[in-house]
Amino acid sequence: MLEVARTIEEDPAAEWTLAGLAGLAAMNQFHFLRCFKQVCGLTPYAFVRQARLREAARLLLESNFTISRVAVEAGFSDLSTFNHAFKRAFGRSPAQFRLR
């Protein structure tokens, strides 16, 4: 499970699916889901989302990319969803986060 988590962290923007992640662990999807949550404390979906948000925060601080591009580079396909998730996770919008 930890190896799968590390793999997600290395490329959070990748197209991660439950089937693909379970395949990395050589497990069926349902058993993988239960084991991943037990070991990592989050579902694979939530873990991927958090990894993407951390990557977005890093890009906001270390690049001059537009917020739209940060969202795409971090693996979000919808800017509205990205803005909402980012604000929920960090307590401020991506633009406010960058200014701080």
# chains A, B, ... in the order shown; residues from 1 in each chain; ligands from 1
call {"tool": "closest_atom_pairs", "arguments": {"of": "range 4-85 of chain A", "to": "range 90-98 of chain A", "cutoff": "9 Å", "atoms": "only C-alpha atoms", "output": "tab-separated table"}}
result
residue	atom	partner	partner_atom	distance
A:Leu53	CA	A:Phe90	CA	9.0
A:Ala56	CA	A:Pro94	CA	8.6
A:Ala57	CA	A:Pro94	CA	7.8
A:Leu60	CA	A:Arg98	CA	5.6
A:Leu61	CA	A:Arg98	CA	5.9
A:Ile67	CA	A:Pro94	CA	7.0
A:Phe82	CA	A:Pro94	CA	8.9
A:Asn83	CA	A:Ser93	CA	6.4
A:His84	CA	A:Ser93	CA	7.9
A:Ala85	CA	A:Phe90	CA	8.6
call {"tool": "residues_around", "arguments": {"residues": "Ala74 in chain A", "least_positions_apart": "4", "cutoff": "8 Å", "atoms": "only C-alpha atoms", "output": "PDB file with N, CA and C atoms, in the first residue's frame"}}
result
ATOM      1  N   PRO A  12       0.963  12.835  -9.227  1.00  0.00           N
ATOM      2  CA  PRO A  12      -0.439  12.962  -8.827  1.00  0.00           C
ATOM      3  C   PRO A  12      -1.389  13.302  -9.970  1.00  0.00           C
ATOM      4  N   ALA A  13      -0.881  13.897 -11.040  1.00  0.00           N
ATOM      5  CA  ALA A  13      -1.738  14.309 -12.148  1.00  0.00           C
ATOM      6  C   ALA A  13      -2.087  13.161 -13.095  1.00  0.00           C
ATOM      7  N   ARG A  52      -2.921  15.794  -5.396  1.00  0.00           N
ATOM      8  CA  ARG A  52      -3.083  16.809  -6.440  1.00  0.00           C
ATOM      9  C   ARG A  52      -3.150  18.209  -5.848  1.00  0.00           C
ATOM     10  N   LEU A  53      -3.825  18.346  -4.724  1.00  0.00           N
ATOM     11  CA  LEU A  53      -3.916  19.655  -4.082  1.00  0.00           C
ATOM     12  C   LEU A  53      -2.549  20.104  -3.555  1.00  0.00           C
ATOM     13  N   GLU A  55       0.312  19.250  -4.852  1.00  0.00           N
ATOM     14  CA  GLU A  55       1.061  19.608  -6.065  1.00  0.00           C
ATOM     15  C   GLU A  55       0.622  20.989  -6.558  1.00  0.00           C
ATOM     16  N   ALA A  56      -0.661  21.271  -6.524  1.00  0.00           N
ATOM     17  CA  ALA A  56      -1.155  22.582  -6.942  1.00  0.00           C
ATOM     18  C   ALA A  56      -0.594  23.680  -6.041  1.00  0.00           C
ATOM     19  N   VAL A  70      -2.200  25.709 -13.458  1.00  0.00           N
ATOM     20  CA  VAL A  70      -1.864  24.976 -12.233  1.00  0.00           C
ATOM     21  C   VAL A  70      -2.869  23.852 -12.029  1.00  0.00           C
TER      22      VAL A  70
END
call {"tool": "atom_distance", "arguments": {"atom1": "CA of Leu59 in chain A", "atom2": "CA of Leu18 in chain A"}}
result
26.0 Å
call {"tool": "residues_around", "arguments": {"residues": "Glu9 in chain A", "least_positions_apart": "6", "cutoff": "10 Å", "atoms": "only C-alpha atoms", "output": "JSON, numbers by chain"}}
result
{"A": [3, 47, 48, 50, 51, 52, 54, 55]}
call {"tool": "write_last_selection", "arguments": {"atoms": "all heavy atoms", "output": "CSV table (one decimal), in the first residue's frame"}}
result
chain,number,residue,atom,x,y,z
A,3,GLU,N,3.8,1.6,-1.2
A,3,GLU,CA,4.5,1.7,-2.5
A,3,GLU,C,3.5,2.3,-3.5
A,3,GLU,O,3.8,3.2,-4.3
A,3,GLU,CB,4.9,0.4,-3.0
A,3,GLU,CG,5.7,0.4,-4.3
A,3,GLU,CD,7.0,1.2,-4.2
A,3,GLU,OE1,7.7,1.2,-3.1
A,3,GLU,OE2,7.4,1.9,-5.2
A,47,PHE,N,-7.0,10.2,-1.4
A,47,PHE,CA,-5.5,10.3,-1.4
A,47,PHE,C,-5.0,10.9,-2.6
A,47,PHE,O,-4.1,11.8,-2.6
A,47,PHE,CB,-4.9,8.9,-1.2
A,47,PHE,CG,-3.4,8.9,-1.0
A,47,PHE,CD1,-2.9,9.0,0.3
A,47,PHE,CD2,-2.5,8.9,-2.0
A,47,PHE,CE1,-1.6,9.1,0.6
A,47,PHE,CE2,-1.1,9.0,-1.8
A,47,PHE,CZ,-0.7,9.1,-0.5
A,48,VAL,N,-5.5,10.5,-3.8
A,48,VAL,CA,-5.1,11.2,-5.1
A,48,VAL,C,-5.5,12.7,-5.0
A,48,VAL,O,-4.7,13.5,-5.4
A,48,VAL,CB,-5.8,10.5,-6.3
A,48,VAL,CG1,-5.6,11.3,-7.5
A,48,VAL,CG2,-5.2,9.1,-6.4
A,50,GLN,N,-5.8,14.7,-2.5
A,50,GLN,CA,-4.9,15.4,-1.6
A,50,GLN,C,-3.5,15.6,-2.2
A,50,GLN,O,-2.9,16.7,-2.1
A,50,GLN,CB,-4.8,14.7,-0.3
A,50,GLN,CG,-5.9,15.0,0.7
A,50,GLN,CD,-5.6,14.5,2.1
A,50,GLN,OE1,-4.6,13.9,2.4
A,50,GLN,NE2,-6.6,14.8,3.0
A,51,ALA,N,-3.1,14.6,-2.9
A,51,ALA,CA,-1.8,14.7,-3.6
A,51,ALA,C,-1.8,15.7,-4.7
A,51,ALA,O,-0.9,16.5,-4.8
A,51,ALA,CB,-1.4,13.3,-4.2
A,52,ARG,N,-2.9,15.8,-5.4
A,52,ARG,CA,-3.1,16.8,-6.4
A,52,ARG,C,-3.1,18.2,-5.8
A,52,ARG,O,-2.6,19.2,-6.4
A,52,ARG,CB,-4.3,16.5,-7.3
A,52,ARG,CG,-4.1,15.3,-8.2
A,52,ARG,CD,-5.4,15.0,-8.9
A,52,ARG,NE,-5.1,13.9,-9.9
A,52,ARG,CZ,-6.0,13.2,-10.6
A,52,ARG,NH1,-7.3,13.6,-10.5
A,52,ARG,NH2,-5.6,12.3,-11.4
A,54,ARG,N,-1.8,19.2,-3.0
A,54,ARG,CA,-0.4,19.5,-2.6
A,54,ARG,C,0.4,20.0,-3.7
A,54,ARG,O,1.2,20.9,-3.7
A,54,ARG,CB,0.2,18.4,-1.8
A,54,ARG,CG,-0.3,18.2,-0.4
A,54,ARG,CD,0.6,17.2,0.4
A,54,ARG,NE,0.6,15.9,-0.2
A,54,ARG,CZ,-0.4,14.9,0.0
A,54,ARG,NH1,-1.4,15.2,0.8
A,54,ARG,NH2,-0.3,13.7,-0.5
A,55,GLU,N,0.3,19.3,-4.9
A,55,GLU,CA,1.1,19.6,-6.1
A,55,GLU,C,0.6,21.0,-6.6
A,55,GLU,O,1.5,21.8,-7.0
A,55,GLU,CB,0.8,18.6,-7.2
A,55,GLU,CG,1.5,18.9,-8.5
A,55,GLU,CD,3.0,18.9,-8.4
A,55,GLU,OE1,3.6,18.5,-7.4
A,55,GLU,OE2,3.6,19.3,-9.4
call {"tool": "closest_residue", "arguments": {"among": "A:Arg6, A:Thr43, A:Gln38, A:Ala71", "to": "Phe86 in chain A", "atoms": "only C-alpha atoms"}}
result
A:Ala71
call {"tool": "select_by_dssp", "arguments": {"residues": "chain A", "states": "alpha helix (DSSP H)", "output": "MDAnalysis selection string"}}
result
chainID A and resid 2:10 18:24 29:40 44:62 67:74 79:90 94:99
call {"tool": "closest_residue", "arguments": {"among": "A:Leu24, A:Val39, A:Arg100, A:Ala14", "to": "Val72 in chain A", "atoms": "only C-alpha atoms"}}
result
A:Ala14
call {"tool": "closest_residue", "arguments": {"among": "A:Leu79, A:Ala5, A:Met27, A:Leu21", "to": "Leu42 in chain A", "atoms": "only C-alpha atoms"}}
result
A:Ala5
call {"tool": "atom_distance", "arguments": {"atom1": "CA of Cys40 in chain A", "atom2": "CA of Arg88 in chain A"}}
result
20.7 Å
call {"tool": "residues_around", "arguments": {"residues": "Leu33 in chain A", "least_positions_apart": "2", "cutoff": "9 Å", "atoms": "only C-alpha atoms", "output": "list in words"}}
result
Leu18, Ala22, Asn28, Gln29, Phe30, His31, Cys35, Phe36, Lys37, Gln38, Thr43 and Pro44 of chain A
call {"tool": "write_last_selection", "arguments": {"atoms": "all heavy atoms", "output": "short mmCIF file (atom, residue, chain, number, x, y, z; two decimals), in the first residue's frame"}}
result
data_model
loop_
_atom_site.label_atom_id
_atom_site.label_comp_id
_atom_site.auth_asym_id
_atom_site.auth_seq_id
_atom_site.Cartn_x
_atom_site.Cartn_y
_atom_site.Cartn_z
N LEU A 18 -9.20 3.17 -9.87
CA LEU A 18 -9.17 2.13 -8.85
C LEU A 18 -8.60 0.85 -9.43
O LEU A 18 -7.76 0.19 -8.81
CB LEU A 18 -10.58 1.90 -8.28
CG LEU A 18 -10.68 0.87 -7.17
CD1 LEU A 18 -9.79 1.23 -5.99
CD2 LEU A 18 -12.13 0.74 -6.73
N ALA A 22 -5.23 -0.85 -8.05
CA ALA A 22 -5.33 -2.23 -7.54
C ALA A 22 -4.37 -3.13 -8.31
O ALA A 22 -3.74 -4.02 -7.72
CB ALA A 22 -6.76 -2.74 -7.66
N ASN A 28 -7.47 -7.49 -6.15
CA ASN A 28 -8.72 -7.09 -6.78
C ASN A 28 -9.13 -5.73 -6.20
O ASN A 28 -8.67 -5.32 -5.13
CB ASN A 28 -9.80 -8.17 -6.65
CG ASN A 28 -10.50 -8.18 -5.31
OD1 ASN A 28 -10.88 -7.16 -4.77
ND2 ASN A 28 -10.69 -9.37 -4.77
N GLN A 29 -9.97 -5.03 -6.92
CA GLN A 29 -10.31 -3.65 -6.58
C GLN A 29 -10.91 -3.50 -5.19
O GLN A 29 -10.56 -2.57 -4.45
CB GLN A 29 -11.29 -3.09 -7.61
CG GLN A 29 -10.69 -2.95 -8.98
CD GLN A 29 -11.71 -2.47 -9.99
OE1 GLN A 29 -12.53 -1.62 -9.69
NE2 GLN A 29 -11.65 -3.01 -11.20
N PHE A 30 -11.82 -4.37 -4.83
CA PHE A 30 -12.53 -4.21 -3.57
C PHE A 30 -11.63 -4.50 -2.37
O PHE A 30 -11.67 -3.79 -1.36
CB PHE A 30 -13.79 -5.07 -3.58
CG PHE A 30 -14.67 -4.74 -4.74
CD1 PHE A 30 -14.76 -5.58 -5.83
CD2 PHE A 30 -15.37 -3.53 -4.78
CE1 PHE A 30 -15.55 -5.25 -6.93
CE2 PHE A 30 -16.14 -3.19 -5.87
CZ PHE A 30 -16.24 -4.05 -6.95
N HIS A 31 -10.79 -5.50 -2.49
CA HIS A 31 -9.85 -5.79 -1.42
C HIS A 31 -8.81 -4.67 -1.30
O HIS A 31 -8.46 -4.23 -0.20
CB HIS A 31 -9.16 -7.15 -1.65
CG HIS A 31 -8.29 -7.57 -0.53
ND1 HIS A 31 -8.77 -7.82 0.74
CD2 HIS A 31 -6.95 -7.78 -0.48
CE1 HIS A 31 -7.76 -8.16 1.53
NE2 HIS A 31 -6.65 -8.14 0.81
N CYS A 35 -7.97 -2.33 1.99
CA CYS A 35 -6.61 -2.34 2.52
C CYS A 35 -5.97 -0.94 2.46
O CYS A 35 -5.32 -0.50 3.41
CB CYS A 35 -5.74 -3.34 1.77
SG CYS A 35 -6.16 -5.05 2.10
N PHE A 36 -6.15 -0.25 1.34
CA PHE A 36 -5.57 1.08 1.18
C PHE A 36 -6.11 2.02 2.24
O PHE A 36 -5.35 2.74 2.90
CB PHE A 36 -5.85 1.62 -0.22
CG PHE A 36 -5.07 2.88 -0.54
CD1 PHE A 36 -3.83 2.79 -1.16
CD2 PHE A 36 -5.56 4.13 -0.23
CE1 PHE A 36 -3.10 3.93 -1.45
CE2 PHE A 36 -4.85 5.27 -0.51
CZ PHE A 36 -3.61 5.18 -1.13
N LYS A 37 -7.41 1.99 2.45
CA LYS A 37 -8.01 2.87 3.45
C LYS A 37 -7.52 2.51 4.85
O LYS A 37 -7.25 3.40 5.66
CB LYS A 37 -9.54 2.80 3.39
CG LYS A 37 -10.17 3.82 4.31
CD LYS A 37 -11.65 3.93 4.12
CE LYS A 37 -12.18 5.00 5.06
NZ LYS A 37 -13.60 5.19 4.94
N GLN A 38 -7.37 1.25 5.12
CA GLN A 38 -6.90 0.83 6.43
C GLN A 38 -5.46 1.29 6.67
O GLN A 38 -5.13 1.78 7.75
CB GLN A 38 -6.99 -0.69 6.56
CG GLN A 38 -6.63 -1.21 7.93
CD GLN A 38 -6.80 -2.71 8.03
OE1 GLN A 38 -6.88 -3.41 7.02
NE2 GLN A 38 -6.85 -3.22 9.24
N THR A 43 -9.47 6.86 1.35
CA THR A 43 -9.73 6.06 0.16
C THR A 43 -8.70 6.45 -0.90
O THR A 43 -8.12 7.55 -0.83
CB THR A 43 -11.14 6.34 -0.39
OG1 THR A 43 -11.20 7.70 -0.82
CG2 THR A 43 -12.22 6.03 0.63
N PRO A 44 -8.48 5.61 -1.88
CA PRO A 44 -7.54 6.00 -2.95
C PRO A 44 -7.95 7.31 -3.63
O PRO A 44 -7.09 8.15 -3.92
CB PRO A 44 -7.61 4.81 -3.92
CG PRO A 44 -8.01 3.65 -3.07
CD PRO A 44 -8.93 4.23 -2.03
#
call {"tool": "atom_distance", "arguments": {"atom1": "CA of Ile8 in chain A", "atom2": "CA of Ser77 in chain A"}}
result
17.2 Å
call {"tool": "decode", "arguments": {"residues": "range 23-36 of chain A", "atoms": "all heavy atoms", "output": "mmCIF file, in the first residue's frame"}}
result
data_model
loop_
_atom_site.group_PDB
_atom_site.id
_atom_site.type_symbol
_atom_site.label_atom_id
_atom_site.label_comp_id
_atom_site.auth_asym_id
_atom_site.auth_seq_id
_atom_site.Cartn_x
_atom_site.Cartn_y
_atom_site.Cartn_z
ATOM 1 N N GLY A 23 -4.224 -2.892 -9.591
ATOM 2 C CA GLY A 23 -3.287 -3.670 -10.399
ATOM 3 C C GLY A 23 -1.855 -3.485 -9.933
ATOM 4 O O GLY A 23 -1.073 -4.444 -9.916
ATOM 5 N N LEU A 24 -1.486 -2.260 -9.540
ATOM 6 C CA LEU A 24 -0.142 -2.016 -9.013
ATOM 7 C C LEU A 24 0.116 -2.836 -7.754
ATOM 8 O O LEU A 24 1.239 -3.262 -7.498
ATOM 9 C CB LEU A 24 0.051 -0.534 -8.693
ATOM 10 C CG LEU A 24 0.139 0.430 -9.864
ATOM 11 C CD1 LEU A 24 0.194 1.866 -9.365
ATOM 12 C CD2 LEU A 24 1.365 0.122 -10.714
ATOM 13 N N ALA A 25 -0.938 -3.037 -6.985
ATOM 14 C CA ALA A 25 -0.816 -3.804 -5.738
ATOM 15 C C ALA A 25 -1.082 -5.292 -5.942
ATOM 16 O O ALA A 25 -1.022 -6.066 -4.993
ATOM 17 C CB ALA A 25 -1.779 -3.248 -4.695
ATOM 18 N N ALA A 26 -1.398 -5.675 -7.177
ATOM 19 C CA ALA A 26 -1.728 -7.070 -7.506
ATOM 20 C C ALA A 26 -2.874 -7.602 -6.633
ATOM 21 O O ALA A 26 -2.795 -8.694 -6.072
ATOM 22 C CB ALA A 26 -0.489 -7.958 -7.394
ATOM 23 N N MET A 27 -3.930 -6.791 -6.544
ATOM 24 C CA MET A 27 -5.101 -7.156 -5.744
ATOM 25 C C MET A 27 -6.358 -6.868 -6.551
ATOM 26 O O MET A 27 -6.329 -6.061 -7.475
ATOM 27 C CB MET A 27 -5.157 -6.326 -4.454
ATOM 28 C CG MET A 27 -3.960 -6.439 -3.561
ATOM 29 S SD MET A 27 -4.044 -5.233 -2.228
ATOM 30 C CE MET A 27 -4.489 -6.300 -0.899
ATOM 31 N N ASN A 28 -7.468 -7.485 -6.149
ATOM 32 C CA ASN A 28 -8.722 -7.089 -6.780
ATOM 33 C C ASN A 28 -9.128 -5.729 -6.203
ATOM 34 O O ASN A 28 -8.672 -5.324 -5.131
ATOM 35 C CB ASN A 28 -9.802 -8.168 -6.647
ATOM 36 C CG ASN A 28 -10.504 -8.183 -5.309
ATOM 37 O OD1 ASN A 28 -10.885 -7.155 -4.767
ATOM 38 N ND2 ASN A 28 -10.688 -9.372 -4.769
ATOM 39 N N GLN A 29 -9.969 -5.027 -6.924
ATOM 40 C CA GLN A 29 -10.310 -3.647 -6.579
ATOM 41 C C GLN A 29 -10.911 -3.498 -5.188
ATOM 42 O O GLN A 29 -10.557 -2.573 -4.452
ATOM 43 C CB GLN A 29 -11.287 -3.089 -7.608
ATOM 44 C CG GLN A 29 -10.694 -2.946 -8.985
ATOM 45 C CD GLN A 29 -11.710 -2.467 -9.992
ATOM 46 O OE1 GLN A 29 -12.534 -1.617 -9.687
ATOM 47 N NE2 GLN A 29 -11.655 -3.008 -11.198
ATOM 48 N N PHE A 30 -11.817 -4.373 -4.832
ATOM 49 C CA PHE A 30 -12.533 -4.213 -3.568
ATOM 50 C C PHE A 30 -11.631 -4.495 -2.374
ATOM 51 O O PHE A 30 -11.671 -3.787 -1.361
ATOM 52 C CB PHE A 30 -13.790 -5.074 -3.579
ATOM 53 C CG PHE A 30 -14.672 -4.737 -4.735
ATOM 54 C CD1 PHE A 30 -14.762 -5.581 -5.827
ATOM 55 C CD2 PHE A 30 -15.366 -3.534 -4.784
ATOM 56 C CE1 PHE A 30 -15.546 -5.254 -6.927
ATOM 57 C CE2 PHE A 30 -16.143 -3.189 -5.871
ATOM 58 C CZ PHE A 30 -16.244 -4.053 -6.951
ATOM 59 N N HIS A 31 -10.787 -5.500 -2.489
ATOM 60 C CA HIS A 31 -9.848 -5.792 -1.415
ATOM 61 C C HIS A 31 -8.812 -4.669 -1.300
ATOM 62 O O HIS A 31 -8.462 -4.233 -0.199
ATOM 63 C CB HIS A 31 -9.164 -7.148 -1.647
ATOM 64 C CG HIS A 31 -8.290 -7.570 -0.526
ATOM 65 N ND1 HIS A 31 -8.768 -7.819 0.743
ATOM 66 C CD2 HIS A 31 -6.949 -7.778 -0.480
ATOM 67 C CE1 HIS A 31 -7.759 -8.158 1.529
ATOM 68 N NE2 HIS A 31 -6.650 -8.141 0.812
ATOM 69 N N PHE A 32 -8.343 -4.181 -2.455
ATOM 70 C CA PHE A 32 -7.391 -3.071 -2.459
ATOM 71 C C PHE A 32 -7.983 -1.842 -1.773
ATOM 72 O O PHE A 32 -7.319 -1.199 -0.950
ATOM 73 C CB PHE A 32 -6.977 -2.720 -3.895
ATOM 74 C CG PHE A 32 -6.190 -1.449 -3.980
ATOM 75 C CD1 PHE A 32 -4.854 -1.422 -3.614
ATOM 76 C CD2 PHE A 32 -6.789 -0.276 -4.407
ATOM 77 C CE1 PHE A 32 -4.125 -0.237 -3.672
ATOM 78 C CE2 PHE A 32 -6.068 0.901 -4.471
ATOM 79 C CZ PHE A 32 -4.734 0.919 -4.103
ATOM 80 N N LEU A 33 -9.217 -1.510 -2.113
ATOM 81 C CA LEU A 33 -9.877 -0.346 -1.526
ATOM 82 C C LEU A 33 -9.897 -0.437 -0.009
ATOM 83 O O LEU A 33 -9.533 0.514 0.694
ATOM 84 C CB LEU A 33 -11.300 -0.227 -2.080
ATOM 85 C CG LEU A 33 -12.149 0.945 -1.613
ATOM 86 C CD1 LEU A 33 -11.507 2.261 -1.995
ATOM 87 C CD2 LEU A 33 -13.532 0.838 -2.207
ATOM 88 N N ARG A 34 -10.288 -1.589 0.520
ATOM 89 C CA ARG A 34 -10.336 -1.771 1.973
ATOM 90 C C ARG A 34 -8.942 -1.674 2.589
ATOM 91 O O ARG A 34 -8.745 -0.998 3.597
ATOM 92 C CB ARG A 34 -10.967 -3.118 2.319
ATOM 93 C CG ARG A 34 -12.470 -3.153 2.126
ATOM 94 C CD ARG A 34 -13.066 -4.444 2.685
ATOM 95 N NE ARG A 34 -12.554 -5.641 2.012
ATOM 96 C CZ ARG A 34 -13.053 -6.168 0.903
ATOM 97 N NH1 ARG A 34 -14.102 -5.598 0.324
ATOM 98 N NH2 ARG A 34 -12.545 -7.254 0.369
ATOM 99 N N CYS A 35 -7.974 -2.334 1.986
ATOM 100 C CA CYS A 35 -6.606 -2.340 2.523
ATOM 101 C C CYS A 35 -5.970 -0.944 2.458
ATOM 102 O O CYS A 35 -5.324 -0.505 3.411
ATOM 103 C CB CYS A 35 -5.735 -3.338 1.775
ATOM 104 S SG CYS A 35 -6.155 -5.048 2.104
ATOM 105 N N PHE A 36 -6.153 -0.253 1.340
ATOM 106 C CA PHE A 36 -5.567 1.077 1.182
ATOM 107 C C PHE A 36 -6.109 2.016 2.241
ATOM 108 O O PHE A 36 -5.354 2.737 2.897
ATOM 109 C CB PHE A 36 -5.847 1.624 -0.219
ATOM 110 C CG PHE A 36 -5.067 2.877 -0.539
ATOM 111 C CD1 PHE A 36 -3.832 2.787 -1.156
ATOM 112 C CD2 PHE A 36 -5.564 4.131 -0.229
ATOM 113 C CE1 PHE A 36 -3.097 3.933 -1.454
ATOM 114 C CE2 PHE A 36 -4.849 5.275 -0.513
ATOM 115 C CZ PHE A 36 -3.606 5.183 -1.128
#
